[in-house]
Amino acid sequence: MADAFFQPVSGFDLPRFAGVPTFMRLPHVPPGHDRFGDVDIGLIGLPWDAGTTNRPGPRHAPRQIRDYSTMIRAQNGHTGVRPFELVNCADLGDSGPNPANLQDTLDRYTEFYRNLAPAGITPMSVGGDHLNSLPVLRALAAEAPLGMIHFDSHTDLFHSYFGGQMYTHGTPFRRAIEEGLLDPKRVVQIGIRGTAYDSEDRDFATANGVRVIPIEEFFQRGVEDVMSEAREIAGTLPVYISYDIDFVDPAFAPGTGTPEIGGPNSYEAIQVIRELDGLNFAGADLVEVSPPFDQSGGTAYLAATLIFEMLCVMAPAIAGKDGSPS
Ligand code: MN
Ligand code: MN
């Protein structure tokens with residue numbers, strides 16, 4: 001049973017539309033807080049989109065998703081998991097970017113995430129565009145390369161953009177593999193589709209042993225079969241989960257900068273997460289929600305729901321691993 005301090009504010013005590021919004025109505029426990037060392041899963045906002053090459057806006061997502069996450073109740077409607085009772089979850093606040101300097105922001109983020117392992121915190125990050133995953137991996141993979149299950153309509157494995165620019169939301173996992181942060185043979189990318197400039201990213205994947213599951217294969221084989229292969233690729237070693245909201249069809253998630261037609265619906269978007277049950281989680285992120293393109297708020301609400309589903313597989317695994325709460 002988790003500490004009472006770490007329980008979300010109940011809708012029976014304060015209506016869910018009232019109060020200051022934190023992720024899932026959890027307590028705000030930034031670094032330096034006297035309960036920081038008791039956190040098991042930390043939700044972190046990464047309000048930064050300087051890696052974006054097309055339509056911007058994900059810098060506004062952490063605040064918007066915090067707001068919509070107040071809609072989430074404490075119990076999973078399907079699995080019955082109550083993650084906040086299994087481990088201590090908290091909103092660690094935002095890792096602040098330097099909006100005028102990309103490299104400085106990458107360094108600031110890595111520094112923020114280096115504080116987590118000594119405190120025994122597994123991060124659930126909320127972007128921001130997909131470049132935000134790179135500085136997180138630099139901290140989490142400090143000791144050994146990680147595996148990764150990556151949901152996206154894009155591989156984000158390109159070498160560079162617009163005349164040799166190496167750090168964009170289309171390049172983070174190319175950099176991560178080059179830097180030895182990911183073991184390419186334990187990386188699987190699911191949902192890849194859309195038009196392309198060329199096949200340079202896919203050629204890199206093939207040459208390095210990254211498993212790419214395009215959307216056609218995903219729909220042909222179905223969620224269970226594909227996710228069973230994904231779990232096998234991830235194995236028992238630590239694995240990072242990276243979830244780009246543009247994995248989901250833009251009919252269900254229009255609020256994103258680089259949508260691609262012909263993707264999973266919001267139910268399938270949830271199903272793939274439930275299939276992650278039992279993995280050895282190093283951390284997870286949910287990125288690329290762009291509130292300016294999310295006129296109904298439905299994309300932010302879907303993102304909040306997917307984050308909750310992620311907590312519902314991470315919490316039992318973490319509780320089982322080290323007997324948390326710490
Ligand atoms: Mn992406
Ligand atoms: Mn994408």
# chains A, B, ... in the order shown; residues from 1 in each chain; ligands from 1
>>> select_by_dssp(residues="segment 176-261 of chain A", states="strand (DSSP E)", output="NGL selection string")
:A and (182-192 or 211-214 or 239-244)
>>> write_last_selection(atoms="C-alpha atoms", output="PDB file, in the first residue's frame")
ATOM      1  CA  LEU A 182      20.045   1.902 -27.123  1.00  0.00           C
ATOM      2  CA  ASP A 183      20.890  -1.651 -28.131  1.00  0.00           C
ATOM      3  CA  PRO A 184      19.506  -1.629 -31.698  1.00  0.00           C
ATOM      4  CA  LYS A 185      18.843  -5.375 -31.596  1.00  0.00           C
ATOM      5  CA  ARG A 186      16.487  -4.785 -28.653  1.00  0.00           C
ATOM      6  CA  VAL A 187      14.609  -1.932 -30.364  1.00  0.00           C
ATOM      7  CA  VAL A 188      11.238  -2.394 -32.050  1.00  0.00           C
ATOM      8  CA  GLN A 189       9.314   0.377 -33.810  1.00  0.00           C
ATOM      9  CA  ILE A 190       5.581  -0.147 -34.303  1.00  0.00           C
ATOM     10  CA  GLY A 191       3.102   1.694 -36.541  1.00  0.00           C
ATOM     11  CA  ILE A 192       5.486   3.165 -39.129  1.00  0.00           C
ATOM     12  CA  ARG A 211      12.921  -4.273 -35.974  1.00  0.00           C
ATOM     13  CA  VAL A 212      10.435  -2.034 -37.832  1.00  0.00           C
ATOM     14  CA  ILE A 213       6.786  -3.139 -37.873  1.00  0.00           C
ATOM     15  CA  PRO A 214       4.947  -1.032 -40.437  1.00  0.00           C
ATOM     16  CA  VAL A 239      13.397  -1.430 -21.625  1.00  0.00           C
ATOM     17  CA  TYR A 240      12.310   2.113 -22.399  1.00  0.00           C
ATOM     18  CA  ILE A 241       8.805   2.798 -23.759  1.00  0.00           C
ATOM     19  CA  SER A 242       8.498   5.751 -26.129  1.00  0.00           C
ATOM     20  CA  TYR A 243       5.006   6.642 -27.316  1.00  0.00           C
ATOM     21  CA  ASP A 244       4.543   9.300 -30.001  1.00  0.00           C
TER      22      ASP A 244
END
>>> residues_near_ligand(ligand="ligand 1", cutoff="9 Å", atoms="only C-alpha atoms and all ligand atoms", output="list in words")
Asp129, His130, Leu131, His150, Phe151, Asp152, Ser153, His154, Thr155, Asp156, His169, Gly170, Thr171, Pro172, Ser242, Tyr243, Asp244, Ile245, Asp246, Phe247, Thr258, Val287 and Glu288 of chain A
>>> atom_distance(atom1="atom CA of Pro97 of chain A", atom2="atom CA of Gly255 of chain A")
22.0 Å
>>> residues_around(residues="Ala144 of chain A", least_positions_apart="6", cutoff="12 Å", atoms="only C-alpha atoms", output="list of chain:residue names")
A:Leu137, A:Arg138, A:Glu179, A:Gly180, A:Leu181, A:Leu182, A:Asp183, A:Leu237, A:Pro238, A:Val239, A:Ala282
>>> closest_residue(among="A:Ser69, A:Ser228, A:Thr105, A:Ser133", to="Leu306 of chain A", atoms="only C-alpha atoms")
A:Ser69
>>> closest_residue(among="A:Ala207, A:Cys312, A:Ile307, A:Leu102", to="Ser125 of chain A", atoms="only C-alpha atoms")
A:Ile307
>>> residues_around(residues="segment 14-22 of chain A", least_positions_apart="6", cutoff="8 Å", atoms="only C-alpha atoms", output="list in words")
His28, Arg66, Asp67, Ser69, Thr70, Met71 and Asp91 of chain A
>>> write_last_selection(atoms="N, CA and C atoms", output="compact mmCIF listing (two decimals), in the first residue's frame")
# COMPACT_ATOMS: atom_id res chain seq x y z
N HIS A 28 2.64 17.44 -5.88
CA HIS A 28 3.77 18.04 -6.61
C HIS A 28 5.02 17.89 -5.73
N ARG A 66 -1.77 17.93 -18.04
CA ARG A 66 -2.05 17.99 -16.60
C ARG A 66 -3.53 18.32 -16.39
N ASP A 67 -4.02 19.31 -17.14
CA ASP A 67 -5.42 19.73 -16.99
C ASP A 67 -6.36 18.56 -17.30
N SER A 69 -5.71 15.43 -17.38
CA SER A 69 -5.48 14.24 -16.54
C SER A 69 -6.32 14.28 -15.27
N THR A 70 -6.89 15.45 -14.94
CA THR A 70 -7.76 15.51 -13.76
C THR A 70 -9.05 14.72 -14.02
N MET A 71 -9.29 14.36 -15.28
CA MET A 71 -10.47 13.54 -15.64
C MET A 71 -10.27 12.07 -15.26
N ASP A 91 3.91 14.04 -9.18
CA ASP A 91 4.24 14.97 -10.26
C ASP A 91 5.52 15.70 -9.83
>>> closest_residue(among="A:Gly164, A:Gly32, A:Gly51, A:Pro316", to="Leu134 of chain A", atoms="only C-alpha atoms")
A:Gly51
>>> select_by_dssp(residues="segment 37-154 of chain A", states="alpha helix (DSSP H)", output="PyMOL selection string")
chain A and resi 61-69+83-86+102-114+116-119+133-140
>>> closest_residue(among="A:Pro47, A:Pro27, A:Gly120, A:Gly283", to="Asn98 of chain A", atoms="only C-alpha atoms")
A:Pro47
>>> closest_residue(among="A:Gly257, A:Gly128, A:Gly11, A:Pro123", to="ligand 2", atoms="only C-alpha atoms and all ligand atoms")
A:Gly257
>>> residues_around(residues="His159 of chain A", least_positions_apart="6", cutoff="9 Å", atoms="only C-alpha atoms", output="ChimeraX atom specification")
/A:165-166,170-171,174-175,200-201,204
>>> write_last_selection(atoms="N, CA, C and O atoms", output="PDB file, in the first residue's frame")
ATOM      1  N   GLN A 165      21.707  19.417 -39.789  1.00  0.00           N
ATOM      2  CA  GLN A 165      21.254  19.620 -38.402  1.00  0.00           C
ATOM      3  C   GLN A 165      20.980  18.262 -37.760  1.00  0.00           C
ATOM      4  O   GLN A 165      20.145  17.490 -38.228  1.00  0.00           O
ATOM      5  N   MET A 166      21.717  17.968 -36.686  1.00  0.00           N
ATOM      6  CA  MET A 166      21.724  16.612 -36.120  1.00  0.00           C
ATOM      7  C   MET A 166      20.682  16.392 -35.024  1.00  0.00           C
ATOM      8  O   MET A 166      20.443  15.261 -34.629  1.00  0.00           O
ATOM      9  N   GLY A 170      13.201  14.234 -35.662  1.00  0.00           N
ATOM     10  CA  GLY A 170      13.306  13.134 -36.622  1.00  0.00           C
ATOM     11  C   GLY A 170      14.595  12.334 -36.482  1.00  0.00           C
ATOM     12  O   GLY A 170      14.822  11.382 -37.225  1.00  0.00           O
ATOM     13  N   THR A 171      15.437  12.709 -35.501  1.00  0.00           N
ATOM     14  CA  THR A 171      16.766  12.077 -35.383  1.00  0.00           C
ATOM     15  C   THR A 171      17.110  11.474 -34.011  1.00  0.00           C
ATOM     16  O   THR A 171      18.205  10.931 -33.858  1.00  0.00           O
ATOM     17  N   ARG A 174      18.451   7.784 -33.879  1.00  0.00           N
ATOM     18  CA  ARG A 174      19.713   7.616 -34.607  1.00  0.00           C
ATOM     19  C   ARG A 174      20.865   8.038 -33.691  1.00  0.00           C
ATOM     20  O   ARG A 174      21.858   7.310 -33.534  1.00  0.00           O
ATOM     21  N   ARG A 175      20.706   9.203 -33.036  1.00  0.00           N
ATOM     22  CA  ARG A 175      21.733   9.677 -32.097  1.00  0.00           C
ATOM     23  C   ARG A 175      21.882   8.692 -30.930  1.00  0.00           C
ATOM     24  O   ARG A 175      22.998   8.386 -30.496  1.00  0.00           O
ATOM     25  N   GLU A 200      16.303   6.318 -46.143  1.00  0.00           N
ATOM     26  CA  GLU A 200      17.554   6.364 -45.396  1.00  0.00           C
ATOM     27  C   GLU A 200      17.385   5.848 -43.962  1.00  0.00           C
ATOM     28  O   GLU A 200      18.248   5.139 -43.430  1.00  0.00           O
ATOM     29  N   ASP A 201      16.252   6.206 -43.333  1.00  0.00           N
ATOM     30  CA  ASP A 201      16.000   5.763 -41.955  1.00  0.00           C
ATOM     31  C   ASP A 201      15.784   4.257 -41.894  1.00  0.00           C
ATOM     32  O   ASP A 201      16.332   3.568 -41.024  1.00  0.00           O
ATOM     33  N   PHE A 204      19.007   2.353 -42.323  1.00  0.00           N
ATOM     34  CA  PHE A 204      19.775   2.354 -41.073  1.00  0.00           C
ATOM     35  C   PHE A 204      19.228   1.302 -40.111  1.00  0.00           C
ATOM     36  O   PHE A 204      19.992   0.568 -39.461  1.00  0.00           O
TER      37      PHE A 204
END
>>> atom_distance(atom1="atom CA of Glu229 of chain A", atom2="atom CA of Arg202 of chain A")
19.1 Å
>>> closest_residue(among="A:Arg108, A:Arg193, A:His78, A:His33", to="ligand 2", atoms="only C-alpha atoms and all ligand atoms")
A:Arg193
>>> residues_around(residues="Val226 of chain A", least_positions_apart="6", cutoff="10 Å", atoms="only C-alpha atoms", output="list in words")
Ile190, Ile213, Glu217, Phe218, Phe219, Gln220, Val272 and Glu275 of chain A
